[in-house]
Amino acid sequence: MTETRPDGGTAIAEVPVPSPPPPSGLAGWLTTFDHKVVGRLFVVTSLLFLLLGSAAGAVLGAERIDSGLQVLNEVTFFQVYTLHGEVAVLLFLVPLFLGLATYLVPLQVGAATIAFPRGSATAYWAYVVSGLTLLGAYAADGGIGGDSTVGTDLYLLSLAMLALATSLALVSILTTAVALRAPGMTMVRTPLFTWSMLVGGGLTLLATPVLIARLIELYILNHFGGDLAEVDALGQISWFWSLPQVYVLAVPAMGVALEVVPVLSRARLRRHVSGIAVIGFSGILGFGAWAQVESTFDDLLYVLAGLVAVLPPLALLGLLGDSVRRGSFVRKAPFLLALGAAVHLFLGALSGGISVIPGLELGDTAWSAAQVHFSLYGGATLAGLAALWYWAPKLWGVHLSDGAGTAVFVLSFWGVLLMAGSDLVSGLSDQPLMATDFAGFDLATVLNGASVAGGLVSVLGLLLAVASALGAAAGRGTRALADPWEANTLEWATTSPPPPNNFDSPVLAVASAAPLADDREGPRASETEESTS
Amino acid sequence: MTAPTTIAGNLPALPPAPRAGRRRVILVGTFFVIAAGTVLIGALLAGYFSARDLVQVAGEPWPPEEVRLPNVPLFMGYLTLLMSSFTAQWSVSAIKAHDRRTMYVAMGLTLLLGLAFVNALSFSWSQLGVAAESSRFATTMFAVTVTHLLIVIAAHIGFLVMGFRALGGQFSPDNHEFVVSAAAFWHFSVAAGLVIWYCIWFLEGGP
């Protein structure tokens with residue numbers, strides 16, 4: 001390209017300087033600040049950790065087949081039990097949604113990048129390092145109940161670092177959702193997955209420091225020779241994935257279901273704001289940083305919150321059912337997985353609501369394990385898989401196999417139902433949480449066998465899902481169009497996968513919550529009313 | 001220039017794109033960090049008071065009788081920290097007035113006052129003469145004050161980065177969001193310090 005000086009002087013030739021190609025492979029991963037690469041890394045790494053969590057769950061299941069300990073001893077059983085929970089929540093579920101959000105939130109709000117790309121990349125690597133450190137701590141006989149002081153120090157530090165990494169990633173996501181929205185995209189018009197990350201992520205950002213505070217105290221106590229058993233160390237950590245905080249962790253699952261089901265039903269929500277309200281209500285009810293000790297079972301607020309928490313998942317089912325009824329749904333894997341997640345979320349909230357009824361005393365029984373499994377395993381994990389099947393075209397540019405997705409749905413949905421359903425009955429029979437000795441429980445062998453069988457079936461589904469996702473990450477699958485689902489939100493207005501700056505050209509004003517649907521079908525009166533109100 | 005992406009924009013009924021507002025990305029991010037930090041300090045103090053209740057219900061003194069609080073250095077330390085809040089805001093005012101020389105002075109003073117607080121706190125710890133594992137008071141007190149110290153150090157890092165960027169010619173009356181954000185985090189670290197001084201040092205020993 002040349003340009004001529006205004007004074008008619010000599011033309012100056014601008015020699016284009018070729019930019020060096022970005023490094024590939026490990027060097028590319030280590031040096032990237034592209035939110036899409038970081039998001040993909042989060043997703044794939046979380047799936048690899050899921051394999052470990054599943055293995056730990058299988059070992060625990062093996063111990064439940066017969067009374068007494070066969071594979072582990074008392075200390076290692078306790079360690080594997082806590083490892084299972086920590087890997088499932090802190091190394092798999094939370095990072096999976098962090099990865100999805102890191103990738104999708106900038107696209108959904110029409111931004112060229114995430115707010116703090118370096119922050120997101122730092123969060124990812126901190127997550128990897130602290131995850132591996134956590135495993136190393138267990139290998140060194142650390143963890144709650146471990147004999148090694150140094151190993152337990154390492155365990156507490158790695159958990160605190162994980163919490164910090166989670167917070168850092170969330171700050172980047174939340175800032176993007178608040179400050180980088182496209183012109184015209186008010187909060188009420190925010191896509192529901194982004195909104196769910198704003199609510200669930202915001203409340204997690206406020207709950208995580210409480211976990212860090214507890215970890216700091218436990219670290220000082222342990223490092224200087226105190227006894228963790230005196231301060232109920234497990235209770236000070238495990239509240240993060242117990243009632244009611246479990247509902248906050250499941251909030252993004254609602255966002256996924258409310259994105260996927262209406263699109264694949266070919267019927268938008270009657271009012272977008274109803275989805276916003278359901279997600280917001282669920283988040284508020286689930287904020288559990290104040291409920292860290294068992295004495296909260298005597299707390300009226302705790303009981304009321306547990307009972308009312310049934311309403312948002314019920315409303316979610318109502319909204320999704322209304323879309324399915326009005327539209328002509330496409331029975332694709334993400335549709336099935338998202339609906340299955342909504343059903344499990346409701347069952348989790350229902351069992352949680354029953355567990356807080358005074359007098360039933362279900363808090364320390366297998367019932368509470370069932371409630372967590374319904375909410376996090378059946379609800380949030382199935383929703384995470386629905387998200388992978390739905391957004392795979394954006395993430396990797398290919399479709400995941402629909403047949404494999406349907407098989408994942410069948411195995412995971414029914415597997416979790418069998419596992420958690422059996423545990424509910426065991427809980428009613430007063431089988432304690434973490435029990436290994438079943439003498440005295442008449443139905444124990446049958447119920448625990450059914451629970452283990454359900455768990456194994458669901459793990460098969462997860463393995464199939466991980467294999468499918470890793471295959472897509474390696475580039476295997478049918479190439480996807482820019483908008484294969486005829487969806488509503490901005491991420492589908494760009495290529496699959498998106499270009500380096502997400503959109504080839506600036507995003508115009510957004511005039512409703514479903515701008516792409518408006519392009520196809522014309523704006524709806526109700527959306528216009530909502531946006532003006 | 002390339003054509004805009006066709007998103008709800010090629011329909012005549014849709015409004016034109018409104019002018020993009022000021023983004024304030026760093027400031028919004030800082031707000032989230034401060035919110036999380038506030039919860040962190042609150043949670044640590046809740047742990048401190050919870051432990052105090054347990055100990056006092058058991059009929060034991062809080063803090064243990066052998067603990068002698070060095071009230072004067074503690075008071076002076078936190079007073080110094082409070083003063084640094086004014087100099088931090090002075091740096092914001094200076095860059096708004098496009099007075100870079102004053103901004104450098106204000107930043108330098110802020111960092112110096114912050115370091116003086118770190119020195120006073122370390123001295124006070126040594127004067128306390130308690131080991132972290134010696135009592136629940138010591139464990140929870142160190143948990144709160146060490147975490148606060150880390151927050152103060154993070155605020156220092158923010159100001160140092162700001163200083164280097166200012167020396168590199170960045171910031172102007174129209175572009176000082178980073179300065180405002182760094183100052184906001186500094187104010188947070190000061191406010192947290194004052195709350196900690198009141199809850200731990202003042203309530204237990206008096207100034």
# chains A, B, ... in the order shown; residues from 1 in each chain; ligands from 1

call {"tool": "interface_residues", "arguments": {"of": "chain A", "to": "chain B", "cutoff": "7 Å", "atoms": "only C-alpha atoms", "output": "VMD selection string"}}
result
chain A and resid 115 171 175 179 to 180 183 to 184 205 to 206 209 to 210 213 216 to 217 220 to 221 224 to 226 493 505 to 511 515 to 516 518 to 519

call {"tool": "closest_atom_pairs", "arguments": {"of": "segment 59-145 of chain B", "to": "segment 157-171 of chain B", "cutoff": "10 Å", "atoms": "only C-alpha atoms", "output": "JSON lines"}}
result
{"residue": "B:Ala88", "atom": "CA", "partner": "B:Phe159", "partner_atom": "CA", "distance": 8.9}
{"residue": "B:Ile95", "atom": "CA", "partner": "B:Phe171", "partner_atom": "CA", "distance": 7.2}
{"residue": "B:Lys96", "atom": "CA", "partner": "B:Phe171", "partner_atom": "CA", "distance": 9.1}
{"residue": "B:His98", "atom": "CA", "partner": "B:Phe171", "partner_atom": "CA", "distance": 8.8}
{"residue": "B:Arg100", "atom": "CA", "partner": "B:Ala166", "partner_atom": "CA", "distance": 8.1}
{"residue": "B:Met103", "atom": "CA", "partner": "B:Ala166", "partner_atom": "CA", "distance": 8.9}
{"residue": "B:Tyr104", "atom": "CA", "partner": "B:Gly163", "partner_atom": "CA", "distance": 7.3}
{"residue": "B:Met107", "atom": "CA", "partner": "B:Gly163", "partner_atom": "CA", "distance": 7.1}
{"residue": "B:Gly108", "atom": "CA", "partner": "B:Gly163", "partner_atom": "CA", "distance": 8.5}
{"residue": "B:Thr110", "atom": "CA", "partner": "B:Phe159", "partner_atom": "CA", "distance": 8.4}
{"residue": "B:Leu111", "atom": "CA", "partner": "B:Phe159", "partner_atom": "CA", "distance": 7.4}

call {"tool": "residues_around", "arguments": {"residues": "segment 65-81 of chain B", "least_positions_apart": "5", "cutoff": "10 Å", "atoms": "only C-alpha atoms", "output": "JSON, numbers by chain"}}
result
{"B": [60, 86, 110, 112, 113, 114, 115, 116, 117, 118, 119, 120, 121, 122, 123, 124, 125, 126, 127, 128, 129, 130, 137, 138, 152, 186, 187, 189, 190, 191, 193, 194, 196, 197, 201, 202, 204, 205, 206, 207]}

call {"tool": "write_last_selection", "arguments": {"atoms": "N, CA and C atoms", "output": "short mmCIF file (atom, residue, chain, number, x, y, z; two decimals), in the first residue's frame"}}
result
data_model
loop_
_atom_site.label_atom_id
_atom_site.label_comp_id
_atom_site.auth_asym_id
_atom_site.auth_seq_id
_atom_site.Cartn_x
_atom_site.Cartn_y
_atom_site.Cartn_z
N GLU B 60 -11.83 -19.29 80.00
CA GLU B 60 -10.41 -18.90 79.88
C GLU B 60 -10.32 -17.45 79.40
N PHE B 86 -4.69 9.03 52.33
CA PHE B 86 -4.80 10.41 51.83
C PHE B 86 -3.78 10.65 50.72
N THR B 110 3.06 7.42 49.49
CA THR B 110 2.11 6.32 49.80
C THR B 110 2.88 5.03 50.05
N LEU B 112 5.98 4.70 50.92
CA LEU B 112 6.79 4.82 52.15
C LEU B 112 5.93 4.61 53.39
N LEU B 113 4.77 5.24 53.41
CA LEU B 113 3.88 5.09 54.57
C LEU B 113 3.42 3.63 54.71
N GLY B 114 3.17 3.01 53.56
CA GLY B 114 2.78 1.60 53.59
C GLY B 114 3.89 0.73 54.16
N LEU B 115 5.11 1.01 53.75
CA LEU B 115 6.25 0.24 54.27
C LEU B 115 6.42 0.49 55.77
N ALA B 116 6.16 1.72 56.20
CA ALA B 116 6.24 2.02 57.64
C ALA B 116 5.21 1.20 58.41
N PHE B 117 4.04 1.01 57.83
CA PHE B 117 3.03 0.18 58.49
C PHE B 117 3.52 -1.27 58.59
N VAL B 118 4.08 -1.77 57.50
CA VAL B 118 4.59 -3.15 57.51
C VAL B 118 5.63 -3.30 58.61
N ASN B 119 6.49 -2.30 58.73
CA ASN B 119 7.53 -2.32 59.76
C ASN B 119 6.91 -2.32 61.16
N ALA B 120 5.92 -1.46 61.36
CA ALA B 120 5.29 -1.35 62.69
C ALA B 120 4.57 -2.64 63.06
N LEU B 121 3.92 -3.26 62.08
CA LEU B 121 3.20 -4.51 62.36
C LEU B 121 4.18 -5.62 62.71
N SER B 122 5.28 -5.70 61.95
CA SER B 122 6.28 -6.74 62.24
C SER B 122 6.86 -6.54 63.64
N PHE B 123 7.13 -5.28 63.97
CA PHE B 123 7.67 -4.98 65.30
C PHE B 123 6.67 -5.39 66.39
N SER B 124 5.41 -5.09 66.13
CA SER B 124 4.38 -5.43 67.12
C SER B 124 4.27 -6.94 67.31
N TRP B 125 4.36 -7.68 66.23
CA TRP B 125 4.34 -9.14 66.35
C TRP B 125 5.48 -9.62 67.24
N SER B 126 6.67 -9.04 67.02
CA SER B 126 7.83 -9.49 67.81
C SER B 126 7.63 -9.11 69.28
N GLN B 127 6.98 -7.97 69.53
CA GLN B 127 6.74 -7.55 70.91
C GLN B 127 5.68 -8.41 71.61
N LEU B 128 4.76 -8.95 70.83
CA LEU B 128 3.73 -9.80 71.43
C LEU B 128 4.34 -11.03 72.08
N GLY B 129 5.34 -11.58 71.43
CA GLY B 129 6.04 -12.73 71.98
C GLY B 129 5.20 -13.98 72.08
N VAL B 130 4.25 -14.16 71.15
CA VAL B 130 3.47 -15.40 71.17
C VAL B 130 3.73 -16.17 69.89
N PHE B 137 -6.10 -17.62 70.40
CA PHE B 137 -5.95 -16.19 70.12
C PHE B 137 -4.83 -15.97 69.11
N ALA B 138 -3.69 -16.60 69.37
CA ALA B 138 -2.53 -16.38 68.49
C ALA B 138 -2.83 -16.89 67.08
N VAL B 152 -1.99 -5.69 51.96
CA VAL B 152 -1.22 -4.43 51.89
C VAL B 152 -0.08 -4.58 50.89
N TRP B 186 -5.96 0.39 47.36
CA TRP B 186 -5.20 0.87 48.53
C TRP B 186 -6.16 1.28 49.65
N HIS B 187 -7.19 2.02 49.27
CA HIS B 187 -8.17 2.45 50.29
C HIS B 187 -8.80 1.23 50.97
N SER B 189 -7.40 -1.67 51.41
CA SER B 189 -6.44 -2.26 52.36
C SER B 189 -6.37 -1.44 53.64
N VAL B 190 -6.52 -0.12 53.51
CA VAL B 190 -6.51 0.75 54.70
C VAL B 190 -7.77 0.52 55.53
N ALA B 191 -8.91 0.48 54.85
CA ALA B 191 -10.18 0.28 55.57
C ALA B 191 -10.17 -1.06 56.30
N GLY B 193 -7.59 -2.59 57.36
CA GLY B 193 -6.66 -2.44 58.48
C GLY B 193 -7.32 -1.76 59.68
N LEU B 194 -8.10 -0.75 59.40
CA LEU B 194 -8.76 -0.03 60.51
C LEU B 194 -9.78 -0.93 61.21
N ILE B 196 -9.64 -4.16 61.37
CA ILE B 196 -8.86 -5.15 62.12
C ILE B 196 -8.30 -4.52 63.40
N TRP B 197 -7.79 -3.31 63.28
CA TRP B 197 -7.26 -2.65 64.48
C TRP B 197 -8.35 -2.53 65.55
N TRP B 201 -7.13 -5.31 68.08
CA TRP B 201 -6.23 -4.64 69.01
C TRP B 201 -6.96 -3.71 69.97
N PHE B 202 -7.92 -2.93 69.44
CA PHE B 202 -8.60 -1.96 70.30
C PHE B 202 -9.54 -2.66 71.27
N GLU B 204 -9.43 -5.59 72.42
CA GLU B 204 -8.75 -6.45 73.39
C GLU B 204 -7.88 -5.68 74.36
N GLY B 205 -7.25 -4.60 73.88
CA GLY B 205 -6.30 -3.95 74.77
C GLY B 205 -6.47 -2.45 74.91
N GLY B 206 -7.19 -1.84 74.00
CA GLY B 206 -7.30 -0.38 74.02
C GLY B 206 -6.08 0.26 73.40
N PRO B 207 -6.23 1.48 72.91
CA PRO B 207 -5.13 2.14 72.22
C PRO B 207 -4.06 2.63 73.21
#

call {"tool": "atom_distance", "arguments": {"atom1": "atom CA of Arg266 of chain A", "atom2": "atom CA of Leu319 of chain A"}}
result
13.7 Å

call {"tool": "closest_residue", "arguments": {"among": "A:Leu311, A:Met419, A:Met161, A:Ala257", "to": "Val457 of chain A", "atoms": "only C-alpha atoms"}}
result
A:Met419

call {"tool": "atom_distance", "arguments": {"atom1": "atom CA of Ala253 of chain A", "atom2": "atom CA of Ala383 of chain A"}}
result
5.0 Å

call {"tool": "residues_around", "arguments": {"residues": "Leu50 of chain A", "least_positions_apart": "2", "cutoff": "10 Å", "atoms": "only C-alpha atoms", "output": "PyMOL selection string"}}
result
chain A and resi 44-48+52-56+84+87-89+91-93+96+459+462-463+466

call {"tool": "residues_around", "arguments": {"residues": "segment 478-481 of chain A", "least_positions_apart": "2", "cutoff": "10 Å", "atoms": "only C-alpha atoms", "output": "JSON, numbers by chain"}}
result
{"A": [392, 393, 394, 396, 397, 398, 399, 400, 401, 472, 475, 476, 483, 484, 485, 492, 494, 495, 496, 497]}

call {"tool": "write_last_selection", "arguments": {"atoms": "C-alpha atoms", "output": "compact mmCIF listing (two decimals), in the first residue's frame"}}
result
# COMPACT_ATOMS: atom_id res chain seq x y z
CA ALA A 392 -18.84 -27.99 20.52
CA PRO A 393 -19.18 -26.25 17.13
CA LYS A 394 -17.89 -23.05 18.71
CA TRP A 396 -13.73 -27.00 18.36
CA GLY A 397 -15.46 -26.29 15.06
CA VAL A 398 -16.97 -29.77 14.91
CA HIS A 399 -20.11 -31.54 16.09
CA LEU A 400 -19.88 -34.18 18.77
CA SER A 401 -21.53 -37.45 17.76
CA ALA A 472 -13.39 -33.28 19.16
CA GLY A 475 -10.25 -32.29 15.51
CA ARG A 476 -12.35 -35.40 14.89
CA ASP A 483 -25.10 -21.40 13.42
CA PRO A 484 -26.06 -25.06 13.13
CA TRP A 485 -28.84 -24.89 15.75
CA TRP A 492 -23.61 -18.00 16.81
CA THR A 494 -19.53 -15.67 14.07
CA THR A 495 -17.69 -18.56 12.46
CA SER A 496 -17.21 -21.95 14.12
CA PRO A 497 -14.67 -21.71 15.69

call {"tool": "atom_distance", "arguments": {"atom1": "atom CA of Ala169 of chain A", "atom2": "atom CA of Ala101 of chain A"}}
result
9.4 Å

call {"tool": "residues_around", "arguments": {"residues": "segment 189-191 of chain A", "least_positions_apart": "5", "cutoff": "9 Å", "atoms": "only C-alpha atoms", "output": "ChimeraX atom specification"}}
result
/A:105,108-109,177,181,184,196,255,259,272-273,276,488-490,510-514,527,530-531

call {"tool": "write_last_selection", "arguments": {"atoms": "C-alpha atoms", "output": "CSV table (one decimal), in the first residue's frame"}}
result
chain,number,residue,atom,x,y,z
A,105,VAL,CA,-19.1,-15.2,27.8
A,108,GLN,CA,-22.2,-14.1,24.1
A,109,VAL,CA,-21.8,-10.4,25.0
A,177,ALA,CA,-20.2,-9.8,31.6
A,181,ARG,CA,-21.4,-6.1,26.7
A,184,GLY,CA,-27.8,-2.2,23.7
A,196,SER,CA,-26.1,-17.6,35.2
A,255,GLY,CA,-28.3,-21.2,32.5
A,259,GLU,CA,-30.1,-21.7,26.6
A,272,HIS,CA,-36.7,-13.8,28.8
A,273,VAL,CA,-36.9,-12.0,32.2
A,276,ILE,CA,-33.3,-14.2,34.6
A,488,ASN,CA,-30.6,-16.9,19.4
A,489,THR,CA,-27.4,-15.4,20.9
A,490,LEU,CA,-24.4,-13.6,19.6
A,510,VAL,CA,-28.5,-5.5,20.3
A,511,ALA,CA,-32.2,-4.8,20.5
A,512,SER,CA,-33.5,-7.9,22.4
A,513,ALA,CA,-32.4,-11.0,24.3
A,514,ALA,CA,-32.5,-13.0,21.1
A,527,GLU,CA,-39.3,-8.8,24.1
A,530,GLU,CA,-39.3,-6.2,28.4
A,531,SER,CA,-36.5,-4.2,27.0

call {"tool": "select_by_dssp", "arguments": {"residues": "segment 84-201 of chain A", "states": "helix (DSSP H, G or I)", "output": "ChimeraX atom specification"}}
result
/A:84-108,117-139,149-179,187-189,192-201

call {"tool": "residues_around", "arguments": {"residues": "segment 133-148 of chain A", "least_positions_apart": "3", "cutoff": "12 Å", "atoms": "only C-alpha atoms", "output": "JSON, numbers by chain"}}
result
{"A": [49, 52, 53, 56, 73, 74, 75, 76, 77, 78, 79, 80, 81, 82, 83, 84, 86, 87, 90, 91, 126, 127, 128, 129, 130, 151, 152, 153, 154, 155, 156, 157, 158, 159, 160, 161, 162, 215, 218, 219, 222, 223, 225, 227, 228, 229, 230, 231, 232, 233, 234, 235, 236, 237, 238]}

call {"tool": "closest_residue", "arguments": {"among": "B:Glu177, B:Leu203, B:Val57, B:Ser172", "to": "Asp99 of chain B", "atoms": "only C-alpha atoms"}}
result
B:Ser172
